[in-house]
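Undergrad: Take a look at this one; I'll ask things after.
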Amino acid sequence: MRKLTGVVFVSLDGVMQAPGGPDEDPTSDFRHGGWVAPYWDPDMGPFEAMITGEYDLLLGKRTYDIFAAYWPYNQDNPIGAKFQGINKYVLTHSDEPLDWANSHKLSGDAAEVVAKLKASAGRDLLIQGSSTLYPPLLSARLIDRLMLTTFPIVLGRGKRIFDGSEKAGALKLVDHFVSPKGVSVACFEPAGDVPTGTFETKPPSEQEVVRREKMEAGAW
């Protein structure tokens, strides 16, 4: 069974749109493209180990288009050379051909298609970018590790990793790192359903009982 890791560059308020440059993805009038570069450090901890490891890519169509227009023309970069040789699995409903070497179209329900891909023989899988993949794959608990690389900025608007449609679930921290410029890399793995509890040790006060009655009546 292949393992699937999602590697996300994200702002403090959850935006992951256009981290690489101003022209990467200005859709919906996003004006802050390129917000990663000013915070990049030579040592980015677990991210460096992940990106230089062994994997195939799992991408949405727009991220594929961005990568296919850049990395084949930057083969002097070790990442470009790596991306050229590995498989690129692209979830898309488009009929456009995938001309980048070793690219493979996947179509259909995202959770079903990715579950089948994970069950096939081959290298582990890595998601980069591809914001639309996260809600369905997280809900189906198909992501084995989530690496959130959080930059100390607030972007206010833009495409987000979480859109509110994902199924609730708990995560456990398995690795973490903070760069000199304040970028935090936190690696999480699924930990089942959301645990709940309370700090309350006494029966509710009369005022609290009234408040709960108002909530139940829809008057709070």
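The chains in the structure tokens are called A, B, ... from first to last as shown; in each chain the residues are counted from 1, and the ligands are counted from 1 in the order shown.
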Excluding same-chain residues fewer than 2 positions from A:Leu57, what lies within 6 Å of it counting only C-alpha atoms, as a PyMOL selection string?
TA: chain A and resi 88+125-127
Undergrad: With C-alpha atoms kept, could you save the residues just selected as a short mmCIF file (atom, residue, chain, number, x, y, z; two decimals), in the first residue's frame?
TA:
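See out13.cif below for the written result:
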```
data_model
loop_
_atom_site.label_atom_id
_atom_site.label_comp_id
_atom_site.auth_asym_id
_atom_site.auth_seq_id
_atom_site.Cartn_x
_atom_site.Cartn_y
_atom_site.Cartn_z
CA LYS A 88 2.72 12.67 -12.22
CA LEU A 125 2.66 9.63 -3.25
CA LEU A 126 3.15 13.34 -2.57
CA ILE A 127 0.61 16.14 -3.05
#
```
Undergrad: Find the spatial neighbours of A:Lys105, counting only C-alpha atoms, within a cut-off of 7 Å - ignore same-chain residues fewer than 4 positions away - and output them as a ChimeraX atom specification.
TA: /A:89-92
Undergrad: List as a PyMOL selection string the protein and nucleic acid residues near A:Phe151, meaning an atom at most 8 Å away when only C-alpha atoms are counted, but skip any in the same chain fewer than 2 places from it.
TA: chain A and resi 9-12+36+39+149+153+182-184
Undergrad: I'd like the neighbourhood of A:Tyr134 as a list in words, where a residue qualifies if any of its atoms comes within 9 Å (using only C-alpha atoms), though same-chain residues fewer than 2 positions away should be ignored.
TA: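 Using only C-alpha atoms, the neighbours found are Gly6, Ser130, Ser131, Thr132, Pro136, Leu137, Leu138, Ser139, Ile143, Ile161, Phe162 and Glu166 of chain A.
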Undergrad: Could those selected residues go to a file with N, CA, C and O atoms, as a compact mmCIF listing (two decimals), in the first residue's frame?
TA:
```
# COMPACT_ATOMS: atom_id res chain seq x y z
N GLY A 6 0.58 14.89 2.13
CA GLY A 6 0.25 16.21 1.61
C GLY A 6 1.20 17.24 2.19
O GLY A 6 1.33 17.34 3.41
N SER A 130 -2.50 22.04 -5.24
CA SER A 130 -3.70 21.20 -5.44
C SER A 130 -4.71 21.33 -4.30
O SER A 130 -5.12 20.35 -3.69
N SER A 131 -5.15 22.54 -4.03
CA SER A 131 -6.03 22.80 -2.89
C SER A 131 -7.33 22.00 -2.95
O SER A 131 -7.87 21.62 -1.90
N THR A 132 -7.84 21.72 -4.15
CA THR A 132 -9.13 21.03 -4.26
C THR A 132 -9.05 19.56 -3.84
O THR A 132 -10.09 18.94 -3.60
N PRO A 136 -11.80 16.30 0.00
CA PRO A 136 -12.29 14.93 -0.17
C PRO A 136 -11.33 13.87 0.33
O PRO A 136 -11.77 12.84 0.87
N LEU A 137 -10.03 14.09 0.19
CA LEU A 137 -9.07 13.07 0.62
C LEU A 137 -8.91 13.04 2.13
O LEU A 137 -8.73 11.96 2.72
N LEU A 138 -8.99 14.20 2.78
CA LEU A 138 -8.98 14.21 4.24
C LEU A 138 -10.24 13.56 4.79
O LEU A 138 -10.19 12.80 5.77
N SER A 139 -11.39 13.86 4.16
CA SER A 139 -12.65 13.29 4.63
C SER A 139 -12.65 11.78 4.52
O SER A 139 -13.20 11.07 5.38
N ILE A 143 -5.15 10.53 3.41
CA ILE A 143 -3.87 11.18 3.58
C ILE A 143 -3.20 10.63 4.84
O ILE A 143 -3.72 10.77 5.95
N ILE A 161 -6.64 25.36 2.24
CA ILE A 161 -6.57 23.91 2.37
C ILE A 161 -7.87 23.35 2.95
O ILE A 161 -8.32 22.30 2.54
N PHE A 162 -8.49 24.06 3.87
CA PHE A 162 -9.75 23.61 4.47
C PHE A 162 -10.87 24.54 4.01
O PHE A 162 -10.77 25.76 4.15
N GLU A 166 -14.73 19.27 4.76
CA GLU A 166 -14.03 18.06 5.17
C GLU A 166 -14.64 17.46 6.43
O GLU A 166 -15.19 18.15 7.28
```
Undergrad: Nearest to A:Val8 among A:Ala101, A:Val210, A:Ala68, A:Val185, with distances taken over only C-alpha atoms: which residue is it?
TA: A:Val185
Undergrad: Please identify which residues in stretch 44-209 of chain A DSSP calls strand (DSSP E or B) from the backbone, and express them as number ranges by chain.
TA: A: 56-60, 88-91, 103-106, 125-128, 145-151, 160, 171-178, 184-190
Undergrad: Could you go through stretch 95-175 of chain A and tell me which residues DSSP, when run on the backbone, assigns to helix (DSSP H, G or I), listing them as a list in words?
TA: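 Filtering stretch 95-175 of chain A down to helix (DSSP H, G or I) leaves Ala110, Ala111, Glu112, Val113, Val114, Ala115, Lys116, Leu117, Lys118, Ala119, Ser131, Thr132, Leu133, Tyr134, Pro135, Pro136, Leu137, Leu138 and Ser139 of chain A.
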Undergrad: Name the closest residue to A:Ser107 among the candidates A:Pro135, A:Pro152, A:Gly60, A:Gly85; distances are taken between atoms, counting only C-alpha atoms.
TA: A:Gly60
Undergrad: How many Å separate atom CA of A:Asp109 from atom CA of A:Ser165?
TA: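 Here the two named atoms are 15.4 Å from each other.
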Undergrad: In Å, with one decimal, what is the gap from atom CA of A:His176 to atom CA of A:Gly34?
TA: 23.8 Å
